[in-house]
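Coordinates as given in upload-v8.pdb (PDB, C-alpha atoms and all ligand atoms):
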MODEL        1
ATOM      1  CA  MET K   1       0.000   0.000   0.000  1.00  0.00           C
ATOM      2  CA  SER K   2       1.761   3.161  -1.115  1.00  0.00           C
ATOM      3  CA  GLU K   3      -1.156   5.646  -0.954  1.00  0.00           C
ATOM      4  CA  SER K   4      -2.060   7.115   2.406  1.00  0.00           C
ATOM      5  CA  LYS K   5      -5.652   7.946   3.315  1.00  0.00           C
ATOM      6  CA  ASN K   6      -4.956  11.157   5.098  1.00  0.00           C
ATOM      7  CA  PHE K   7      -7.913  13.342   4.203  1.00  0.00           C
ATOM      8  CA  ASN K   8     -10.666  13.494   6.772  1.00  0.00           C
ATOM      9  CA  LYS K   9     -13.765  15.665   6.876  1.00  0.00           C
ATOM     10  CA  ILE K  10     -17.129  15.823   8.606  1.00  0.00           C
ATOM     11  CA  ILE K  11     -19.977  16.818   6.315  1.00  0.00           C
ATOM     12  CA  HIS K  12     -23.713  17.351   6.657  1.00  0.00           C
ATOM     13  CA  LEU K  13     -26.009  16.090   3.923  1.00  0.00           C
ATOM     14  CA  ALA K  14     -29.663  16.587   3.021  1.00  0.00           C
ATOM     15  CA  PHE K  15     -31.475  13.958   0.962  1.00  0.00           C
ATOM     16  CA  PRO K  16     -34.637  14.733  -1.002  1.00  0.00           C
ATOM     17  CA  PRO K  17     -37.377  12.058  -0.666  1.00  0.00           C
ATOM     18  CA  ASN K  18     -36.523  10.286  -3.936  1.00  0.00           C
ATOM     19  CA  THR K  19     -32.928   9.571  -2.803  1.00  0.00           C
ATOM     20  CA  SER K  20     -33.701   8.318   0.695  1.00  0.00           C
ATOM     21  CA  GLY K  21     -33.952   4.664  -0.292  1.00  0.00           C
ATOM     22  CA  ARG K  22     -30.939   4.611  -2.645  1.00  0.00           C
ATOM     23  CA  PRO K  23     -27.455   3.489  -1.612  1.00  0.00           C
ATOM     24  CA  VAL K  24     -25.679   6.701  -2.658  1.00  0.00           C
ATOM     25  CA  VAL K  25     -23.678   6.899   0.570  1.00  0.00           C
ATOM     26  CA  CYS K  26     -22.583   3.245   0.347  1.00  0.00           C
ATOM     27  CA  ASN K  27     -21.358   3.976  -3.160  1.00  0.00           C
ATOM     28  CA  LEU K  28     -18.802   6.399  -1.743  1.00  0.00           C
ATOM     29  CA  GLY K  29     -16.931   3.330  -0.583  1.00  0.00           C
ATOM     30  CA  LYS K  30     -17.545   1.175  -3.644  1.00  0.00           C
ATOM     31  CA  LEU K  31     -16.892   3.792  -6.334  1.00  0.00           C
ATOM     32  CA  TYR K  32     -14.406   6.141  -4.680  1.00  0.00           C
ATOM     33  CA  ASN K  33     -12.684   4.032  -2.040  1.00  0.00           C
ATOM     34  CA  LEU K  34     -13.765   6.378   0.752  1.00  0.00           C
ATOM     35  CA  SER K  35     -14.398   5.194   4.309  1.00  0.00           C
ATOM     36  CA  PHE K  36     -17.310   6.759   6.087  1.00  0.00           C
ATOM     37  CA  ASN K  37     -18.697   6.796   9.566  1.00  0.00           C
ATOM     38  CA  ILE K  38     -22.320   7.863  10.067  1.00  0.00           C
ATOM     39  CA  LEU K  39     -22.383  10.150  13.105  1.00  0.00           C
ATOM     40  CA  LYS K  40     -26.040  11.089  12.894  1.00  0.00           C
ATOM     41  CA  ALA K  41     -28.975  10.228  10.623  1.00  0.00           C
ATOM     42  CA  ASP K  42     -32.542  11.414  10.609  1.00  0.00           C
ATOM     43  CA  ILE K  43     -35.625  11.379   8.438  1.00  0.00           C
ATOM     44  CA  ASN K  44     -38.451  13.864   8.752  1.00  0.00           C
ATOM     45  CA  PRO K  45     -42.202  13.260   8.187  1.00  0.00           C
ATOM     46  CA  ARG K  46     -41.844  14.521   4.587  1.00  0.00           C
ATOM     47  CA  LEU K  47     -39.360  11.667   4.012  1.00  0.00           C
ATOM     48  CA  GLU K  48     -36.429  14.051   3.598  1.00  0.00           C
ATOM     49  CA  GLY K  49     -33.285  12.641   5.141  1.00  0.00           C
ATOM     50  CA  SER K  50     -30.344  14.304   6.823  1.00  0.00           C
ATOM     51  CA  MET K  51     -27.025  12.763   7.738  1.00  0.00           C
ATOM     52  CA  THR K  52     -23.750  13.758   9.351  1.00  0.00           C
ATOM     53  CA  LEU K  53     -20.840  11.761   7.985  1.00  0.00           C
ATOM     54  CA  GLU K  54     -17.156  11.552   8.753  1.00  0.00           C
ATOM     55  CA  ILE K  55     -15.341  10.744   5.519  1.00  0.00           C
ATOM     56  CA  THR K  56     -11.771   9.479   5.199  1.00  0.00           C
ATOM     57  CA  GLY K  57      -9.791   8.831   2.051  1.00  0.00           C
ATOM     58  CA  LEU K  58      -7.702  10.553  -0.562  1.00  0.00           C
ATOM     59  CA  GLU K  59      -8.611  14.203  -1.059  1.00  0.00           C
ATOM     60  CA  GLU K  60      -9.031  13.704  -4.814  1.00  0.00           C
ATOM     61  CA  ASP K  61     -11.450  10.826  -4.203  1.00  0.00           C
ATOM     62  CA  TYR K  62     -13.294  12.916  -1.611  1.00  0.00           C
ATOM     63  CA  HIS K  63     -14.026  15.626  -4.194  1.00  0.00           C
ATOM     64  CA  LYS K  64     -15.133  13.021  -6.749  1.00  0.00           C
ATOM     65  CA  GLY K  65     -17.415  11.483  -4.142  1.00  0.00           C
ATOM     66  CA  ILE K  66     -18.942  14.853  -3.270  1.00  0.00           C
ATOM     67  CA  ASN K  67     -19.625  15.522  -6.955  1.00  0.00           C
ATOM     68  CA  TYR K  68     -21.254  12.101  -7.214  1.00  0.00           C
ATOM     69  CA  LEU K  69     -23.538  12.923  -4.263  1.00  0.00           C
ATOM     70  CA  LYS K  70     -24.518  16.258  -5.813  1.00  0.00           C
ATOM     71  CA  GLU K  71     -25.226  14.624  -9.179  1.00  0.00           C
ATOM     72  CA  ASN K  72     -27.598  12.324  -7.316  1.00  0.00           C
ATOM     73  CA  GLY K  73     -29.570  15.154  -5.768  1.00  0.00           C
ATOM     74  CA  VAL K  74     -27.890  15.148  -2.352  1.00  0.00           C
ATOM     75  CA  ARG K  75     -27.278  18.622  -0.938  1.00  0.00           C
ATOM     76  CA  LEU K  76     -24.326  19.632   1.241  1.00  0.00           C
ATOM     77  CA  ILE K  77     -25.424  21.714   4.215  1.00  0.00           C
ATOM     78  CA  PRO K  78     -22.867  24.372   5.237  1.00  0.00           C
ATOM     79  CA  VAL K  79     -21.728  24.188   8.877  1.00  0.00           C
ATOM     80  CA  ALA K  80     -23.053  27.732   9.336  1.00  0.00           C
ATOM     81  CA  GLN K  81     -26.575  26.334   8.982  1.00  0.00           C
ATOM     82  CA  LYS K  82     -25.899  23.634  11.579  1.00  0.00           C
ATOM     83  CA  ILE K  83     -24.466  25.611  14.465  1.00  0.00           C
ATOM     84  CA  ALA K  84     -24.617  29.097  15.874  1.00  0.00           C
ATOM     85  CA  ARG K  85     -23.385  30.882  18.951  1.00  0.00           C
ATOM     86  CA  ASP K  86     -25.588  33.438  20.614  1.00  0.00           C
ATOM     87  CA  ASP K  87     -22.972  36.059  21.392  1.00  0.00           C
ATOM     88  CA  GLU K  88     -25.411  37.954  23.611  1.00  0.00           C
ATOM     89  CA  SER K  89     -25.806  34.921  25.900  1.00  0.00           C
ATOM     90  CA  CYS K  90     -22.203  33.704  25.989  1.00  0.00           C
ATOM     91  CA  MET K  91     -20.591  34.737  29.257  1.00  0.00           C
ATOM     92  CA  HIS K  92     -17.125  33.431  28.297  1.00  0.00           C
ATOM     93  CA  CYS K  93     -17.019  30.985  31.188  1.00  0.00           C
ATOM     94  CA  GLY K  94     -14.781  28.626  29.191  1.00  0.00           C
ATOM     95  CA  MET K  95     -16.714  25.440  30.053  1.00  0.00           C
ATOM     96  CA  CYS K  96     -16.935  24.508  26.372  1.00  0.00           C
ATOM     97  CA  LEU K  97     -13.202  24.810  25.635  1.00  0.00           C
ATOM     98  CA  ALA K  98     -12.220  21.346  26.806  1.00  0.00           C
ATOM     99  CA  MET K  99     -15.089  19.713  24.888  1.00  0.00           C
ATOM    100  CA  CYS K 100     -14.223  21.082  21.459  1.00  0.00           C
ATOM    101  CA  PRO K 101     -12.226  18.501  19.475  1.00  0.00           C
ATOM    102  CA  THR K 102     -11.345  20.794  16.583  1.00  0.00           C
ATOM    103  CA  GLY K 103     -10.086  23.966  18.253  1.00  0.00           C
ATOM    104  CA  ALA K 104     -13.062  25.952  16.969  1.00  0.00           C
ATOM    105  CA  LEU K 105     -13.476  27.306  20.481  1.00  0.00           C
ATOM    106  CA  SER K 106     -10.396  28.929  21.927  1.00  0.00           C
ATOM    107  CA  LEU K 107      -9.377  31.321  24.653  1.00  0.00           C
ATOM    108  CA  GLU K 108      -7.909  34.656  23.696  1.00  0.00           C
ATOM    109  CA  LYS K 109      -5.126  35.113  26.229  1.00  0.00           C
ATOM    110  CA  ASP K 110      -5.158  38.902  26.600  1.00  0.00           C
ATOM    111  CA  THR K 111      -8.910  39.454  26.824  1.00  0.00           C
ATOM    112  CA  ARG K 112      -9.874  36.042  28.354  1.00  0.00           C
ATOM    113  CA  LEU K 113     -12.697  35.926  25.822  1.00  0.00           C
ATOM    114  CA  VAL K 114     -13.790  32.609  24.315  1.00  0.00           C
ATOM    115  CA  LEU K 115     -13.540  32.881  20.529  1.00  0.00           C
ATOM    116  CA  PHE K 116     -15.597  30.823  18.101  1.00  0.00           C
ATOM    117  CA  ASP K 117     -14.108  30.011  14.676  1.00  0.00           C
ATOM    118  CA  LEU K 118     -16.845  28.675  12.414  1.00  0.00           C
ATOM    119  CA  GLU K 119     -14.262  27.554   9.828  1.00  0.00           C
ATOM    120  CA  LYS K 120     -12.915  24.942  12.258  1.00  0.00           C
ATOM    121  CA  CYS K 121     -16.301  23.842  13.607  1.00  0.00           C
ATOM    122  CA  THR K 122     -17.795  20.520  12.475  1.00  0.00           C
ATOM    123  CA  ALA K 123     -21.114  21.029  14.287  1.00  0.00           C
ATOM    124  CA  CYS K 124     -20.463  17.933  16.418  1.00  0.00           C
ATOM    125  CA  GLY K 125     -22.580  19.458  19.175  1.00  0.00           C
ATOM    126  CA  LEU K 126     -20.316  18.485  22.094  1.00  0.00           C
ATOM    127  CA  CYS K 127     -20.094  22.062  23.347  1.00  0.00           C
ATOM    128  CA  THR K 128     -23.876  22.341  23.571  1.00  0.00           C
ATOM    129  CA  LYS K 129     -23.919  19.683  26.296  1.00  0.00           C
ATOM    130  CA  VAL K 130     -21.865  21.740  28.749  1.00  0.00           C
ATOM    131  CA  CYS K 131     -22.867  25.321  28.028  1.00  0.00           C
ATOM    132  CA  PRO K 132     -24.760  26.573  31.099  1.00  0.00           C
ATOM    133  CA  VAL K 133     -26.642  29.260  29.168  1.00  0.00           C
ATOM    134  CA  ARG K 134     -27.203  27.306  25.929  1.00  0.00           C
ATOM    135  CA  ALA K 135     -25.291  29.842  23.896  1.00  0.00           C
ATOM    136  CA  MET K 136     -24.107  27.154  21.466  1.00  0.00           C
ATOM    137  CA  GLU K 137     -26.989  25.878  19.410  1.00  0.00           C
ATOM    138  CA  VAL K 138     -26.968  22.969  16.942  1.00  0.00           C
ATOM    139  CA  ASP K 139     -29.521  22.932  14.122  1.00  0.00           C
ATOM    140  CA  PRO K 140     -30.663  26.491  14.866  1.00  0.00           C
ATOM    141  CA  GLN K 141     -33.297  26.244  12.086  1.00  0.00           C
ATOM    142  CA  ASP K 142     -34.981  23.330  13.860  1.00  0.00           C
TER     143      ASP K 142
HETATM  144  S1  LIG V 201     -19.808  27.278  27.710  1.00  0.00           S
HETATM  145 FE1  LIG V 201     -21.319  28.635  26.738  1.00  0.00          FE
HETATM  146  S2  LIG V 201     -21.245  30.509  27.948  1.00  0.00           S
HETATM  147 FE2  LIG V 201     -19.395  29.347  28.437  1.00  0.00          FE
HETATM  148  S3  LIG V 201     -17.856  30.136  26.987  1.00  0.00           S
HETATM  149 FE3  LIG V 201     -18.763  28.350  26.048  1.00  0.00          FE
HETATM  150  S4  LIG V 201     -20.420  29.182  24.762  1.00  0.00           S
HETATM  151 FE4  LIG V 201     -19.856  30.790  26.223  1.00  0.00          FE
HETATM  152  S1  LIG V 202     -19.959  21.988  17.659  1.00  0.00           S
HETATM  153 FE1  LIG V 202     -18.898  22.916  19.396  1.00  0.00          FE
HETATM  154  S2  LIG V 202     -17.503  21.289  20.157  1.00  0.00           S
HETATM  155 FE2  LIG V 202     -18.152  20.703  18.086  1.00  0.00          FE
HETATM  156  S3  LIG V 202     -16.528  21.504  16.748  1.00  0.00           S
HETATM  157 FE3  LIG V 202     -18.161  23.077  16.828  1.00  0.00          FE
HETATM  158  S4  LIG V 202     -17.544  24.462  18.466  1.00  0.00           S
HETATM  159 FE4  LIG V 202     -16.329  22.568  18.714  1.00  0.00          FE
ENDMDL
END

Go ahead and express the file in the form of structure tokens.
Ligand code: SF4
Ligand code: SF4
Amino acid sequence: MSESKNFNKIIHLAFPPNTSGRPVVCNLGKLYNLSFNILKADINPRLEGSMTLEITGLEEDYHKGINYLKENGVRLIPVAQKIARDDESCMHCGMCLAMCPTGALSLEKDTRLVLFDLEKCTACGLCTKVCPVRAMEVDPQD
């Protein structure tokens, strides 16, 4: 084995009703040699599905796989639609810092403020479990 599978990303997908029963996600492995781990899956009463996936593989294959999903009607949901911080409520207590696995939440040394970097956030939701004032909110649209 000479190729290393070093690309890893968490993505959020929305499936229209006509794709819910088709194995498009399984095909990521078969067609593009990507490994995937389903972190969360849901289906609403209108039979629209949503899924949070951790994908591992070669970056080139990842992009091919994403194109394949889009061609099959699957929509990528930006992280910004999955998580939000209510800056008015946040009291910068720092409880969430230790929970965040990606470094999206960090402490600014000089000001002692807790910063939130949406670019690094995967919307895993771990911070929401410890925030005493519920300033971190997953699926704000829901
Ligand atoms: S736990 Fe909540 S209130 Fe405390 S710093 Fe984090 S987001 Fe702000
Ligand atoms: S949801 Fe919270 S814990 Fe998870 S990556 Fe984003 S900021 Fe960090």

Using the chain letters and numbers from this file, what does the PyMOL selection byres (((chain K and resi 57-61) around 7) and not hetatm) select? Give the answer as an MDAnalysis selection string. chainID K and resid 5:8 32:35 55:56 62:65

How would you write, as a ChimeraX atom specification, the residues chosen by the PyMOL selection byres (((chain K and resi 74-91) around 6) and not hetatm) on this structure? /K:12-15,69-70,72-73,92-93,123,135-139

For the PyMOL selection byres (((chain K and resi 17) around 10) and not hetatm), applied here, can you spell out every residue it catches as a ChimeraX atom specification? /K:14-16,18-21,43-44,46-49,73

As an exercise, work out the distance from atom CA of Cys124 of chain K to atom FE1 of ligand LIG 202 (chain V) in Å and give it to one decimal place. 6.0 Å

Output as JSON lines one row per residue of chain K within 12 Å of ligand LIG 202 (chain V): the closest atom pair and its distance in Å to one decimal place, counting only C-alpha atoms and all ligand atoms, sorted by chain and residue number ascending.
{"residue": "K:Lys9", "atom": "CA", "partner": "V:LIG202", "partner_atom": "S3", "distance": 11.8}
{"residue": "K:Ile10", "atom": "CA", "partner": "V:LIG202", "partner_atom": "S3", "distance": 9.9}
{"residue": "K:Ile11", "atom": "CA", "partner": "V:LIG202", "partner_atom": "S3", "distance": 11.9}
{"residue": "K:Val79", "atom": "CA", "partner": "V:LIG202", "partner_atom": "FE3", "distance": 8.8}
{"residue": "K:Ala80", "atom": "CA", "partner": "V:LIG202", "partner_atom": "FE3", "distance": 10.1}
{"residue": "K:Gln81", "atom": "CA", "partner": "V:LIG202", "partner_atom": "S1", "distance": 11.7}
{"residue": "K:Lys82", "atom": "CA", "partner": "V:LIG202", "partner_atom": "S1", "distance": 8.7}
{"residue": "K:Ile83", "atom": "CA", "partner": "V:LIG202", "partner_atom": "S1", "distance": 6.6}
{"residue": "K:Ala84", "atom": "CA", "partner": "V:LIG202", "partner_atom": "S1", "distance": 8.7}
{"residue": "K:Arg85", "atom": "CA", "partner": "V:LIG202", "partner_atom": "S4", "distance": 8.7}
{"residue": "K:Gly94", "atom": "CA", "partner": "V:LIG202", "partner_atom": "S4", "distance": 11.8}
{"residue": "K:Met95", "atom": "CA", "partner": "V:LIG202", "partner_atom": "S2", "distance": 10.8}
{"residue": "K:Cys96", "atom": "CA", "partner": "V:LIG202", "partner_atom": "S2", "distance": 7.0}
{"residue": "K:Leu97", "atom": "CA", "partner": "V:LIG202", "partner_atom": "S2", "distance": 7.8}
{"residue": "K:Ala98", "atom": "CA", "partner": "V:LIG202", "partner_atom": "S2", "distance": 8.5}
{"residue": "K:Met99", "atom": "CA", "partner": "V:LIG202", "partner_atom": "S2", "distance": 5.5}
{"residue": "K:Cys100", "atom": "CA", "partner": "V:LIG202", "partner_atom": "S2", "distance": 3.5}
{"residue": "K:Pro101", "atom": "CA", "partner": "V:LIG202", "partner_atom": "FE4", "distance": 5.8}
{"residue": "K:Thr102", "atom": "CA", "partner": "V:LIG202", "partner_atom": "S3", "distance": 5.2}
{"residue": "K:Gly103", "atom": "CA", "partner": "V:LIG202", "partner_atom": "FE4", "distance": 6.4}
{"residue": "K:Ala104", "atom": "CA", "partner": "V:LIG202", "partner_atom": "S4", "distance": 5.0}
{"residue": "K:Leu105", "atom": "CA", "partner": "V:LIG202", "partner_atom": "S4", "distance": 5.4}
{"residue": "K:Ser106", "atom": "CA", "partner": "V:LIG202", "partner_atom": "S4", "distance": 9.1}
{"residue": "K:Val114", "atom": "CA", "partner": "V:LIG202", "partner_atom": "S4", "distance": 10.7}
{"residue": "K:Leu115", "atom": "CA", "partner": "V:LIG202", "partner_atom": "S4", "distance": 9.5}
{"residue": "K:Phe116", "atom": "CA", "partner": "V:LIG202", "partner_atom": "S4", "distance": 6.7}
{"residue": "K:Asp117", "atom": "CA", "partner": "V:LIG202", "partner_atom": "S4", "distance": 7.5}
{"residue": "K:Leu118", "atom": "CA", "partner": "V:LIG202", "partner_atom": "FE3", "distance": 7.2}
{"residue": "K:Glu119", "atom": "CA", "partner": "V:LIG202", "partner_atom": "FE3", "distance": 9.2}
{"residue": "K:Lys120", "atom": "CA", "partner": "V:LIG202", "partner_atom": "S3", "distance": 6.7}
{"residue": "K:Cys121", "atom": "CA", "partner": "V:LIG202", "partner_atom": "FE3", "distance": 3.8}
{"residue": "K:Thr122", "atom": "CA", "partner": "V:LIG202", "partner_atom": "S3", "distance": 4.6}
{"residue": "K:Ala123", "atom": "CA", "partner": "V:LIG202", "partner_atom": "S1", "distance": 3.7}
{"residue": "K:Cys124", "atom": "CA", "partner": "V:LIG202", "partner_atom": "FE2", "distance": 4.0}
{"residue": "K:Gly125", "atom": "CA", "partner": "V:LIG202", "partner_atom": "S1", "distance": 3.9}
{"residue": "K:Leu126", "atom": "CA", "partner": "V:LIG202", "partner_atom": "S2", "distance": 4.4}
{"residue": "K:Cys127", "atom": "CA", "partner": "V:LIG202", "partner_atom": "S2", "distance": 4.2}
{"residue": "K:Thr128", "atom": "CA", "partner": "V:LIG202", "partner_atom": "FE1", "distance": 6.5}
{"residue": "K:Lys129", "atom": "CA", "partner": "V:LIG202", "partner_atom": "S2", "distance": 9.0}
{"residue": "K:Val130", "atom": "CA", "partner": "V:LIG202", "partner_atom": "S2", "distance": 9.6}
{"residue": "K:Cys131", "atom": "CA", "partner": "V:LIG202", "partner_atom": "FE1", "distance": 9.8}
{"residue": "K:Arg134", "atom": "CA", "partner": "V:LIG202", "partner_atom": "FE1", "distance": 11.4}
{"residue": "K:Ala135", "atom": "CA", "partner": "V:LIG202", "partner_atom": "FE1", "distance": 10.4}
{"residue": "K:Met136", "atom": "CA", "partner": "V:LIG202", "partner_atom": "FE1", "distance": 7.0}
{"residue": "K:Glu137", "atom": "CA", "partner": "V:LIG202", "partner_atom": "S1", "distance": 8.2}
{"residue": "K:Val138", "atom": "CA", "partner": "V:LIG202", "partner_atom": "S1", "distance": 7.1}
{"residue": "K:Asp139", "atom": "CA", "partner": "V:LIG202", "partner_atom": "S1", "distance": 10.2}
{"residue": "K:Pro140", "atom": "CA", "partner": "V:LIG202", "partner_atom": "S1", "distance": 11.9}

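A cut-off of 12 Å from the point (-21.3, 7.3, 17.5), with all atoms listed in the file, picks out the residues K:Asn37, K:Ile38, K:Leu39, K:Lys40, K:Ala41, K:Thr52, K:Leu53, K:Glu54, K:Cys124.
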
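Counting from atom FE1 of ligand LIG 201 (chain V), the distance to atom CA of Pro132 of chain K is 5.9 Å.
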
Which residue, K:Met51, K:Val133, K:Cys26, K:Leu31, has the smallest gap to ligand LIG 201 (chain V) when you use all atoms listed in the file?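 Of all the options, K:Val133 lies closest to ligand LIG 201 (chain V).
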
Centre and size of axis-aligned box enclosing ligand LIG 201 (chain V) plus 3 Å each side, as JSON:
{"center_x": -19.6, "center_y": 29.0, "center_z": 26.6, "size_x": 9.5, "size_y": 9.5, "size_z": 9.7}

Given all atoms listed in the file as the basis, pick out the residue of K:Asp42, K:Ser50, K:Tyr68, K:Thr111 nearest to Val24 of chain K.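 For Val24 of chain K, the nearest of the given residues is K:Tyr68.
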
From K:Leu28, K:Pro23, K:Arg112, K:Phe36, residue lying nearest ligand LIG 201 (chain V) [all atoms listed in the file]: K:Arg112
